[in-house]
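Chemist: Contents of data_10.txt (compact mmCIF, C-alpha atoms) are below:
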```
# COMPACT_ATOMS: atom_id res chain seq x y z
CA MET Q 296 22.83 4.06 -2.13
CA PRO Q 297 19.21 5.08 -2.77
CA HIS Q 298 17.95 4.90 -6.38
CA ILE Q 299 16.99 8.61 -6.25
CA SER Q 300 18.47 11.64 -4.49
CA LEU Q 301 17.26 11.74 -0.88
CA GLU Q 302 18.46 13.78 2.09
CA GLU Q 303 21.39 11.87 3.52
CA HIS Q 304 20.54 12.44 7.17
CA LEU Q 305 17.09 10.85 6.74
CA PRO Q 306 17.31 7.04 6.27
CA GLY Q 307 14.58 4.52 5.42
CA ILE Q 308 11.05 5.84 5.17
CA THR Q 309 11.94 9.16 6.82
CA GLY Q 310 13.70 10.56 3.73
CA LEU Q 311 10.93 9.33 1.44
CA LEU Q 312 8.25 11.01 3.54
CA GLU Q 313 10.18 14.28 3.32
CA TYR Q 314 10.83 13.86 -0.43
CA ARG Q 315 7.19 14.50 -1.32
CA LEU Q 316 5.10 16.03 1.44
CA ASP Q 317 1.92 15.82 -0.60
CA THR Q 318 2.07 12.03 -0.91
CA ALA Q 319 3.41 11.68 2.63
CA TYR Q 320 0.45 13.44 4.21
CA PRO Q 321 -2.28 10.86 3.42
CA ILE Q 322 0.12 7.97 4.14
CA ARG Q 323 0.94 9.42 7.58
CA ASP Q 324 -2.73 10.15 8.19
CA LEU Q 325 -3.78 6.59 7.35
CA THR Q 326 -1.05 5.17 9.60
CA GLN Q 327 -2.08 7.38 12.49
CA ILE Q 328 -5.74 6.32 12.10
CA LEU Q 329 -4.91 2.61 11.90
CA LEU Q 330 -2.11 2.32 14.47
CA ARG Q 331 -3.01 5.06 16.94
CA GLY Q 332 -6.74 5.68 16.48
CA PRO Q 333 -9.43 4.27 18.79
CA SER Q 334 -9.50 0.47 18.49
CA THR Q 335 -10.24 -2.66 20.48
CA LEU Q 336 -6.77 -3.84 19.41
CA SER Q 337 -4.02 -2.37 21.57
CA GLN Q 338 -1.32 -0.19 20.03
CA ALA Q 339 1.20 -2.95 20.73
CA GLU Q 340 -0.98 -5.52 18.95
CA ARG Q 341 -1.24 -3.25 15.94
CA GLU Q 342 2.53 -2.69 15.91
CA LEU Q 343 2.95 -6.49 15.97
CA ILE Q 344 0.83 -6.73 12.80
CA ALA Q 345 3.10 -4.14 11.15
CA THR Q 346 6.12 -6.09 12.37
CA VAL Q 347 5.13 -9.53 11.03
CA VAL Q 348 4.23 -8.10 7.64
CA SER Q 349 7.49 -6.15 7.40
CA ALA Q 350 9.41 -9.27 8.45
CA GLY Q 351 7.55 -11.30 5.80
CA ASN Q 352 8.60 -8.74 3.19
CA GLN Q 353 12.15 -8.86 4.58
CA CYS Q 354 12.16 -5.09 4.95
CA GLN Q 355 14.83 -4.60 7.60
CA PHE Q 356 14.14 -0.94 8.21
CA CYS Q 357 10.41 -1.32 8.85
CA THR Q 358 10.85 -4.58 10.79
CA ALA Q 359 13.40 -3.00 13.14
CA ALA Q 360 11.39 0.22 13.59
CA HIS Q 361 8.07 -1.48 14.40
CA THR Q 362 9.71 -4.18 16.49
CA ALA Q 363 11.21 -1.35 18.57
CA ALA Q 364 7.81 0.35 18.87
CA ALA Q 365 6.09 -2.91 19.90
CA ASP Q 366 8.84 -3.69 22.42
CA ILE Q 367 8.59 -0.25 24.02
CA LEU Q 368 4.80 -0.56 24.27
CA LEU Q 369 5.04 -4.07 25.74
CA GLY Q 370 8.06 -3.41 27.96
CA GLU Q 371 9.81 -6.55 26.67
CA SER Q 372 11.17 -7.99 23.42
CA HIS Q 373 10.23 -11.66 23.79
CA THR Q 374 6.75 -11.28 22.28
CA SER Q 375 7.82 -9.56 19.07
CA ASP Q 376 10.64 -12.05 18.69
CA MET Q 377 8.26 -15.02 19.01
CA VAL Q 378 5.63 -13.46 16.76
CA LYS Q 379 8.23 -13.12 14.01
CA ASN Q 380 9.89 -16.50 14.48
CA ASP Q 381 7.37 -18.92 15.98
CA LEU Q 382 3.88 -17.46 15.95
CA SER Q 383 2.08 -20.58 17.22
CA GLU Q 384 4.10 -20.46 20.46
CA ALA Q 385 4.06 -16.65 20.87
CA PRO Q 386 2.67 -15.27 24.18
CA VAL Q 387 -0.32 -13.55 22.55
CA SER Q 388 -4.03 -14.41 22.66
CA GLU Q 389 -5.46 -17.04 20.30
CA LYS Q 390 -7.48 -14.27 18.67
CA MET Q 391 -4.31 -12.30 18.03
CA LYS Q 392 -2.63 -15.38 16.55
CA ALA Q 393 -5.54 -15.77 14.14
CA LEU Q 394 -5.33 -12.10 13.15
CA LEU Q 395 -1.56 -12.33 12.66
CA GLU Q 396 -2.09 -15.39 10.43
CA ILE Q 397 -4.47 -13.29 8.32
CA ALA Q 398 -1.88 -10.51 8.14
CA LYS Q 399 0.77 -12.99 7.01
CA CYS Q 400 -1.50 -14.13 4.18
CA VAL Q 401 -2.22 -10.53 3.12
CA GLN Q 402 1.54 -10.00 2.92
CA VAL Q 403 1.69 -12.67 0.21
CA SER Q 404 -1.57 -11.82 -1.59
CA GLY Q 405 -5.04 -10.59 -0.69
CA LYS Q 406 -6.41 -13.68 -2.37
CA LYS Q 407 -4.63 -15.92 0.13
CA VAL Q 408 -6.97 -14.92 2.95
CA SER Q 409 -9.30 -17.91 3.12
CA PRO Q 410 -12.85 -18.12 4.54
CA GLU Q 411 -11.45 -20.69 7.00
CA LEU Q 412 -8.92 -18.23 8.42
CA ILE Q 413 -11.64 -15.60 8.74
CA GLN Q 414 -13.98 -18.09 10.43
CA ARG Q 415 -11.24 -19.05 12.86
CA ALA Q 416 -10.66 -15.40 13.78
CA LYS Q 417 -14.41 -14.86 14.22
CA SER Q 418 -14.77 -18.01 16.35
CA LEU Q 419 -12.09 -16.52 18.62
CA GLU Q 420 -14.22 -13.39 18.89
CA ALA Q 421 -12.40 -11.15 16.46
CA SER Q 422 -14.86 -8.46 15.38
CA ASP Q 423 -15.47 -7.42 11.78
CA LEU Q 424 -13.70 -4.14 12.52
CA GLU Q 425 -10.66 -5.95 13.96
CA ILE Q 426 -10.46 -8.17 10.87
CA HIS Q 427 -10.86 -5.11 8.63
CA ASP Q 428 -8.13 -3.21 10.45
CA THR Q 429 -5.78 -6.20 10.40
CA VAL Q 430 -6.13 -6.55 6.63
CA LEU Q 431 -5.69 -2.82 6.01
CA ILE Q 432 -2.68 -2.51 8.35
CA ALA Q 433 -1.08 -5.51 6.61
CA ALA Q 434 -1.81 -3.98 3.19
CA LEU Q 435 -0.46 -0.59 4.30
CA PHE Q 436 2.81 -2.17 5.43
CA CYS Q 437 3.17 -3.86 2.05
CA LEU Q 438 3.07 -0.31 0.67
CA TYR Q 439 5.68 0.90 3.15
CA ASN Q 440 8.00 -2.09 2.67
CA LYS Q 441 7.88 -1.89 -1.12
CA TYR Q 442 8.36 1.90 -1.02
CA VAL Q 443 11.35 1.71 1.34
CA ASP Q 444 13.11 -1.16 -0.48
CA GLY Q 445 11.94 -0.27 -4.00
CA LEU Q 446 13.88 2.98 -3.81
CA ALA Q 447 16.79 1.35 -1.94
CA SER Q 448 16.62 3.83 0.93
CA VAL Q 449 19.38 3.57 3.52
CA THR Q 450 18.99 1.03 6.36
CA PRO Q 451 20.93 2.06 9.48
CA THR Q 452 22.71 -0.83 11.21
CA ASP Q 453 23.02 0.78 14.66
CA PRO Q 454 20.27 -0.60 16.97
CA ALA Q 455 20.25 2.75 18.81
CA PHE Q 456 18.78 4.38 15.72
CA TYR Q 457 15.68 2.16 15.91
CA GLN Q 458 15.37 2.63 19.64
CA THR Q 459 15.18 6.39 19.09
CA LEU Q 460 12.77 5.99 16.18
CA GLY Q 461 10.63 3.55 18.21
CA ASN Q 462 10.40 6.06 21.06
CA LYS Q 463 9.43 8.77 18.61
CA ILE Q 464 6.70 6.61 17.07
CA VAL Q 465 5.34 5.63 20.50
CA ASN Q 466 5.43 9.10 22.01
CA LEU Q 467 4.66 11.33 19.04
CA GLY Q 468 2.76 9.09 16.63
CA TYR Q 469 2.95 9.10 12.87
CA LEU Q 470 1.91 12.60 11.88
CA ARG Q 471 4.51 15.16 10.85
CA SER Q 472 5.00 17.95 13.35
CA GLN Q 473 4.31 20.58 10.67
CA PRO Q 474 0.70 21.21 9.63
CA LYS Q 475 -0.95 19.72 6.56
CA PRO Q 476 0.14 21.37 3.29
CA ASP Q 477 -2.68 23.75 2.45
CA LYS Q 478 -2.13 23.89 -1.28
CA GLN Q 479 -3.98 21.12 -3.09
CA THR Q 480 -2.16 20.48 -6.36
CA ILE Q 481 -4.82 18.37 -8.00
CA MET F 112 -19.50 -12.30 -0.35
CA ALA F 113 -17.15 -10.11 1.63
CA HIS F 114 -15.40 -11.72 4.62
CA ILE F 115 -17.00 -9.14 6.94
CA ASP F 116 -20.42 -7.48 7.03
CA LEU F 117 -19.82 -4.18 5.23
CA LYS F 118 -23.46 -3.07 5.74
CA ASN F 119 -23.63 -1.83 2.12
CA ASP F 120 -23.66 -3.27 -1.39
CA PHE F 121 -21.01 -1.12 -3.07
CA PRO F 122 -18.46 -3.15 -5.05
CA GLY F 123 -14.69 -3.34 -4.52
CA ILE F 124 -12.98 -0.67 -2.51
CA ARG F 125 -16.13 1.46 -2.51
CA GLY F 126 -17.78 -1.00 -0.14
CA LEU F 127 -14.76 -0.77 2.16
CA MET F 128 -14.78 3.03 1.95
CA ALA F 129 -18.41 3.16 3.02
CA PHE F 130 -17.51 0.82 5.91
CA ASP F 131 -14.56 2.94 7.11
CA PRO F 132 -15.00 6.55 5.93
CA ASP F 133 -12.00 7.87 7.92
CA ALA F 134 -9.55 5.48 6.29
CA ALA F 135 -11.34 6.20 2.99
CA ASP F 136 -10.46 9.89 3.16
CA ALA F 137 -6.77 9.10 3.55
CA LEU F 138 -6.88 6.44 0.82
CA ASN F 139 -8.66 8.75 -1.60
CA GLY F 140 -6.28 11.56 -0.68
CA LEU F 141 -3.36 9.33 -1.62
CA ALA F 142 -4.97 8.21 -4.89
CA ASN F 143 -5.80 11.79 -5.87
CA VAL F 144 -2.30 13.09 -5.18
CA LEU F 145 -0.53 10.16 -6.84
CA LEU F 146 -2.71 9.82 -9.89
CA ARG F 147 -4.14 13.29 -10.47
CA ARG F 148 -1.82 16.04 -9.26
CA GLU F 149 0.26 17.94 -11.79
CA SER F 150 3.09 15.73 -12.98
CA THR F 151 5.37 15.15 -15.94
CA LEU F 152 3.78 11.70 -16.15
CA SER F 153 0.34 12.01 -17.74
CA LYS F 154 -2.74 10.86 -15.85
CA GLY F 155 -3.16 8.13 -18.47
CA ASP F 156 0.39 6.85 -17.89
CA ARG F 157 0.04 6.86 -14.10
CA GLU F 158 -3.28 5.01 -14.31
CA MET F 159 -1.56 2.53 -16.63
CA ILE F 160 1.04 1.78 -13.94
CA ALA F 161 -1.80 1.28 -11.42
CA THR F 162 -3.60 -1.00 -13.88
CA PHE F 163 -0.54 -3.07 -14.66
CA VAL F 164 0.27 -3.68 -10.97
CA SER F 165 -3.37 -4.53 -10.20
CA SER F 166 -3.39 -6.95 -13.11
CA GLN F 167 -0.20 -8.62 -11.84
CA ASN F 168 -1.90 -8.92 -8.45
CA ASP F 169 -4.94 -10.41 -10.21
CA CYS F 170 -7.24 -7.83 -8.61
CA LEU F 171 -10.25 -7.65 -10.93
CA PHE F 172 -11.88 -4.58 -9.41
CA CYS F 173 -8.76 -2.38 -9.38
CA GLN F 174 -7.47 -3.37 -12.81
CA SER F 175 -10.93 -2.79 -14.30
CA VAL F 176 -11.46 0.65 -12.75
CA HIS F 177 -7.97 1.96 -13.38
CA GLY F 178 -7.78 0.34 -16.81
CA ALA F 179 -10.97 2.21 -17.74
CA VAL F 180 -9.61 5.50 -16.36
CA SER F 181 -6.31 5.04 -18.21
CA SER F 182 -8.16 4.25 -21.46
CA TYR F 183 -10.32 7.32 -20.93
CA HIS F 184 -7.27 9.58 -20.67
CA LEU F 185 -5.30 7.89 -23.46
CA ASP F 186 -8.10 7.90 -26.04
CA ASP F 187 -8.10 4.10 -25.94
CA SER F 188 -11.89 3.80 -26.14
CA ASP F 189 -11.89 0.11 -27.05
CA GLY F 190 -9.35 -0.68 -24.31
CA ILE F 191 -6.95 -2.37 -26.76
CA LEU F 192 -3.84 -0.57 -25.50
CA ILE F 193 -4.56 -1.44 -21.88
CA GLN F 194 -5.14 -5.07 -22.84
CA GLN F 195 -1.77 -5.09 -24.62
CA VAL F 196 -0.07 -3.63 -21.55
CA LYS F 197 -1.58 -6.35 -19.37
CA ASN F 198 -0.68 -9.12 -21.83
CA ASP F 199 2.92 -8.02 -22.55
CA PHE F 200 3.76 -4.36 -22.18
CA THR F 201 7.17 -4.85 -23.83
CA LYS F 202 5.32 -5.32 -27.14
CA ALA F 203 2.86 -2.44 -26.62
CA PRO F 204 3.27 0.86 -28.51
CA LEU F 205 4.73 2.79 -25.54
CA SER F 206 7.75 5.08 -25.15
CA SER F 207 10.99 3.47 -23.98
CA LYS F 208 10.67 5.56 -20.78
CA MET F 209 7.20 4.19 -20.06
CA LYS F 210 8.38 0.62 -20.66
CA ALA F 211 11.32 1.17 -18.29
CA LEU F 212 8.94 2.52 -15.63
CA LEU F 213 6.61 -0.46 -16.08
CA HIS F 214 9.58 -2.80 -15.58
CA ILE F 215 10.25 -1.04 -12.26
CA ALA F 216 6.56 -1.24 -11.28
CA GLY F 217 6.55 -4.94 -12.14
CA SER F 218 9.48 -5.50 -9.81
CA VAL F 219 7.87 -3.54 -6.97
CA GLN F 220 4.79 -5.77 -7.34
CA LYS F 221 7.00 -8.80 -6.61
CA SER F 222 9.17 -7.15 -3.94
CA GLY F 223 10.80 -3.79 -3.36
CA LYS F 224 14.09 -5.61 -3.34
CA ALA F 225 13.49 -6.87 -6.90
CA VAL F 226 14.03 -3.35 -8.31
CA SER F 227 17.55 -3.49 -9.77
CA SER F 228 20.09 -0.73 -10.32
CA GLN F 229 20.02 -1.74 -13.98
CA GLN F 230 16.28 -1.06 -14.16
CA ILE F 231 16.83 2.35 -12.58
CA ASP F 232 19.72 3.13 -14.97
CA ASP F 233 17.57 2.09 -17.94
CA ALA F 234 14.77 4.39 -16.79
CA LYS F 235 17.16 7.30 -16.30
CA SER F 236 18.77 6.68 -19.72
CA ALA F 237 15.30 6.77 -21.25
CA GLY F 238 14.82 10.20 -19.69
CA ALA F 239 12.95 9.37 -16.47
CA SER F 240 13.50 11.89 -13.66
CA ASP F 241 13.98 11.03 -9.98
CA GLN F 242 10.47 12.31 -9.36
CA GLU F 243 9.01 10.03 -12.04
CA ILE F 244 10.88 7.02 -10.65
CA HIS F 245 9.71 7.91 -7.13
CA ASP F 246 6.11 8.20 -8.27
CA THR F 247 6.29 4.94 -10.22
CA VAL F 248 7.55 3.05 -7.15
CA LEU F 249 4.98 4.66 -4.87
CA ILE F 250 2.08 4.09 -7.27
CA ALA F 251 3.12 0.44 -7.58
CA ALA F 252 3.49 0.09 -3.80
CA ALA F 253 0.17 1.86 -3.18
CA PHE F 254 -1.64 -0.50 -5.53
CA CYS F 255 -0.12 -3.48 -3.75
CA MET F 256 -1.93 -2.02 -0.73
CA PHE F 257 -5.23 -1.25 -2.50
CA ASN F 258 -5.30 -4.68 -4.20
CA ARG F 259 -4.67 -6.49 -0.91
CA TYR F 260 -7.35 -4.45 0.87
CA VAL F 261 -9.90 -5.22 -1.85
CA ASP F 262 -9.12 -8.94 -2.21
CA GLY F 263 -8.03 -9.61 1.38
CA LEU F 264 -11.58 -8.82 2.50
CA ASN F 265 -13.06 -10.61 -0.53
CA THR F 266 -15.15 -7.72 -1.87
CA TRP F 267 -17.22 -8.31 -5.00
CA ALA F 268 -16.40 -6.91 -8.43
CA PRO F 269 -18.84 -6.35 -11.31
CA THR F 270 -17.92 -8.38 -14.40
CA ASP F 271 -19.73 -6.02 -16.81
CA GLN F 272 -16.94 -3.76 -18.08
CA SER F 273 -19.38 -1.01 -19.12
CA ILE F 274 -19.91 -0.25 -15.40
CA TYR F 275 -16.20 0.62 -15.05
CA LYS F 276 -16.26 2.73 -18.19
CA GLU F 277 -19.09 4.79 -16.75
CA ARG F 278 -17.31 5.10 -13.41
CA ALA F 279 -14.11 6.22 -15.21
CA GLU F 280 -15.93 9.26 -16.57
CA GLY F 281 -16.97 10.28 -13.07
CA ILE F 282 -13.44 9.76 -11.69
CA SER F 283 -11.93 11.74 -14.55
CA ALA F 284 -14.28 14.62 -13.83
CA ASN F 285 -14.35 14.60 -10.02
CA GLY F 286 -11.37 12.58 -8.78
CA TYR F 287 -11.47 9.73 -6.27
CA THR F 288 -14.22 10.11 -3.67
CA LYS F 289 -15.94 7.83 -1.20
CA PRO F 290 -19.54 6.76 -1.89
CA GLY F 291 -22.37 9.00 -0.73
```
Represent the supplied structure as structure tokens.
Modeler:
Amino acid sequence: MPHISLEEHLPGITGLLEYRLDTAYPIRDLTQILLRGPSTLSQAERELIATVVSAGNQCQFCTAAHTAAADILLGESHTSDMVKNDLSEAPVSEKMKALLEIAKCVQVSGKKVSPELIQRAKSLEASDLEIHDTVLIAALFCLYNKYVDGLASVTPTDPAFYQTLGNKIVNLGYLRSQPKPDKQTI
Amino acid sequence: MAHIDLKNDFPGIRGLMAFDPDAADALNGLANVLLRRESTLSKGDREMIATFVSSQNDCLFCQSVHGAVSSYHLDDSDGILIQQVKNDFTKAPLSSKMKALLHIAGSVQKSGKAVSSQQIDDAKSAGASDQEIHDTVLIAAAFCMFNRYVDGLNTWAPTDQSIYKERAEGISANGYTKPG
């Protein structure tokens, strides 16, 4: 049972994002920019970053949702499975492996990202912007994972739920269908 | 030196915000809503939660800025209260509700799963509302993001605390904004 009163039909992050629309708006906006905005990293690659960080934080809801999104974008589930369980053997580019290693360090602590890891990513032709986005996506998913589990939101066990959510994320993105709240309460 | 070429000399998250102004707008929007909108938790208390989490994450820039802003709001001009909170908040002169919320924030810093039902019950017994518990968890989670962004890209942080004190006055007057 969640630690606070949330709408029962909205599990995981979905109920939290409806609980306070004013905090949800910038979080959704940032996610849309990072995961769906113009980038030299594909949407699937960015979903894989979200997936490994969520798996590292053992956040079942976020791991299942972003795994589903990555799988839909890739058309298969082998890559996300390998990225989570055996990154060195995963069928992704060496550059992507280096970026995912950086993301895994960020999950533990920002201070764990070493100059050597950064150099490795750069030697594999990761750009400054790709490194920046990797770190910020990883940091953002630490927010999501801690938010979702810190309030003990409900984690559905039916895989069909995540398939539906994954399709929604892929086809509609991360913004709420309603417009931005116009009243600034600052 | 930062891990990437930020093309500016601003410290901490300000250097990152100048590098990526679009993300900066969303990040500042979140900070302004969480820390500055009307709330039953005072601005000083919310900044204290941000400071405590940043201190637990050992993020010098964030704990210095938000510590200075919290001190500004709480009339803690010498920063003694904030130092006590960082050292051992259980011994600081805070309400039982604030201590219960800091326990929750401390758990979120470790892992969302570390927040216990007992901690939530203690906070509710001390008079914390659902909204206050929600905001505490989200502030703590958000600072786990900000701290990782700032340190994960190895930005620099001034060591002269008077710089943060000056910046706190600007933040208190104008909110969180990107440089320029």
Chemist: Could you tell me which of F:Val176, F:Asp133, F:Glu149, F:His184 comes closest to Ala284 (chain F) if we count all atoms listed in the file?
Modeler: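 Using all atoms listed in the file, the shortest distance to Ala284 (chain F) belongs to F:His184.
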Chemist: From the options Q:Glu384, Q:Glu411, Q:Glu340, Q:Glu303, which residue's atoms come nearest to Thr429 (chain Q), counting all atoms listed in the file?
Modeler: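 Of the candidates, the smallest distance to Thr429 (chain Q) is held by Q:Glu340.
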Chemist: Find, counting only C-alpha atoms, the residue in Q:Ala365, Q:Leu343, Q:Leu316, Q:Ile464 that gets nearest to chain F.
Modeler: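 Closest candidate: Q:Leu316.
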Chemist: For a quick check of understanding, using all atoms listed in the file, which of F:Met256, F:Ile191, F:Ala203, F:Ile274 has the smallest distance to chain Q?
Modeler: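 Ranking F:Met256, F:Ile191, F:Ala203, F:Ile274 by distance to chain Q, first place goes to F:Met256.
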Chemist: For Ile160 (chain F), which residue among F:Thr288, F:Ser218, F:Ser227, F:Asn139 is the nearest when counting only C-alpha atoms?
Modeler: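 Of all the options, F:Ser218 lies closest to Ile160 (chain F).
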Chemist: May I ask you to extract the residues of chain Q within 6 Å of chain F, using only C-alpha atoms, and to give them as a list in words?
Modeler: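 Output check: Ile299, Pro321, Leu325, Gly405, Lys406, Val408, Asp423, Leu431, Ala434, Leu435, Leu438, Lys441, Tyr442, Asp444, Gly445, Thr480 and Ile481 of chain Q.
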Chemist: Using only C-alpha atoms, please write the residues we just selected to a file, as a compact mmCIF listing (two decimals), keeping the file's coordinate frame.
Modeler:
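Dumped everything to result_21.txt:
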```
# COMPACT_ATOMS: atom_id res chain seq x y z
CA ILE Q 299 16.99 8.61 -6.25
CA PRO Q 321 -2.28 10.86 3.42
CA LEU Q 325 -3.78 6.59 7.35
CA GLY Q 405 -5.04 -10.59 -0.69
CA LYS Q 406 -6.41 -13.68 -2.37
CA VAL Q 408 -6.97 -14.92 2.95
CA ASP Q 423 -15.47 -7.42 11.78
CA LEU Q 431 -5.69 -2.82 6.01
CA ALA Q 434 -1.81 -3.98 3.19
CA LEU Q 435 -0.46 -0.59 4.30
CA LEU Q 438 3.07 -0.31 0.67
CA LYS Q 441 7.88 -1.89 -1.12
CA TYR Q 442 8.36 1.90 -1.02
CA ASP Q 444 13.11 -1.16 -0.48
CA GLY Q 445 11.94 -0.27 -4.00
CA THR Q 480 -2.16 20.48 -6.36
CA ILE Q 481 -4.82 18.37 -8.00
```
Chemist: Can you work out the spacing between CA of Thr266 (chain F) and CA of Phe121 (chain F) in Å, to one decimal?
Modeler: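 These two atoms are separated by 8.9 Å.
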Chemist: Between Q:Ser300, Q:Gln414, Q:Ser349, Q:Ser337, which has the minimum distance to Ala433 (chain Q) (counting all atoms listed in the file)?
Modeler: Q:Ser349
Chemist: Provide the CA of Val347 (chain Q) to CA of Lys379 (chain Q) distance in Å, to one decimal place.
Modeler: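 Here the two named atoms are 5.6 Å from each other.
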Chemist: Find the residues around Pro204 (chain F) up to 9 Å (all atoms listed in the file counted), leave out those fewer than 6 positions away in its own chain, and share them as a PDB file with C-alpha atoms, in the frame of the given file.
Modeler:
```pdb
ATOM      1  CA  LEU F 192      -3.840  -0.570 -25.500  1.00  0.00           C
ATOM      2  CA  GLN F 195      -1.770  -5.090 -24.620  1.00  0.00           C
ATOM      3  CA  VAL F 196      -0.070  -3.630 -21.550  1.00  0.00           C
TER       4      VAL F 196
END
```
Chemist: Could you jot down the CA of Arg415 (chain Q) to CA of Ala393 (chain Q) separation for me, Å, one decimal place?
Modeler: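 Going from CA of Arg415 (chain Q) over to CA of Ala393 (chain Q), I get 6.7 Å.
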Chemist: Output requested as a CSV table (one decimal), in the frame of the given file - region 148-160 of chain F, filled out with N, CA and C atoms.
Modeler:
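File selection.csv, as written:
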```csv
chain,number,residue,atom,x,y,z
F,148,ARG,N,-2.5,14.7,-9.4
F,148,ARG,CA,-1.8,16.0,-9.3
F,148,ARG,C,-1.0,16.3,-10.5
F,149,GLU,N,-0.6,17.6,-10.6
F,149,GLU,CA,0.3,17.9,-11.8
F,149,GLU,C,1.5,17.1,-11.8
F,150,SER,N,1.9,16.6,-12.9
F,150,SER,CA,3.1,15.7,-13.0
F,150,SER,C,3.6,15.7,-14.4
F,151,THR,N,4.9,15.3,-14.6
F,151,THR,CA,5.4,15.2,-15.9
F,151,THR,C,4.9,13.8,-16.5
F,152,LEU,N,4.4,12.9,-15.6
F,152,LEU,CA,3.8,11.7,-16.2
F,152,LEU,C,2.3,12.0,-16.3
F,153,SER,N,1.8,11.7,-17.5
F,153,SER,CA,0.3,12.0,-17.7
F,153,SER,C,-0.6,11.2,-16.8
F,154,LYS,N,-1.8,11.6,-16.6
F,154,LYS,CA,-2.7,10.9,-15.8
F,154,LYS,C,-2.9,9.5,-16.5
F,155,GLY,N,-3.0,9.4,-17.8
F,155,GLY,CA,-3.2,8.1,-18.5
F,155,GLY,C,-2.0,7.2,-18.2
F,156,ASP,N,-0.8,7.7,-18.2
F,156,ASP,CA,0.4,6.8,-17.9
F,156,ASP,C,0.4,6.4,-16.4
F,157,ARG,N,0.1,7.3,-15.5
F,157,ARG,CA,0.0,6.9,-14.1
F,157,ARG,C,-1.0,5.8,-13.8
F,158,GLU,N,-2.2,6.0,-14.5
F,158,GLU,CA,-3.3,5.0,-14.3
F,158,GLU,C,-2.9,3.7,-14.9
F,159,MET,N,-2.0,3.8,-16.0
F,159,MET,CA,-1.6,2.5,-16.6
F,159,MET,C,-0.7,1.7,-15.7
F,160,ILE,N,0.2,2.4,-14.9
F,160,ILE,CA,1.0,1.8,-13.9
F,160,ILE,C,0.2,1.1,-12.9
```
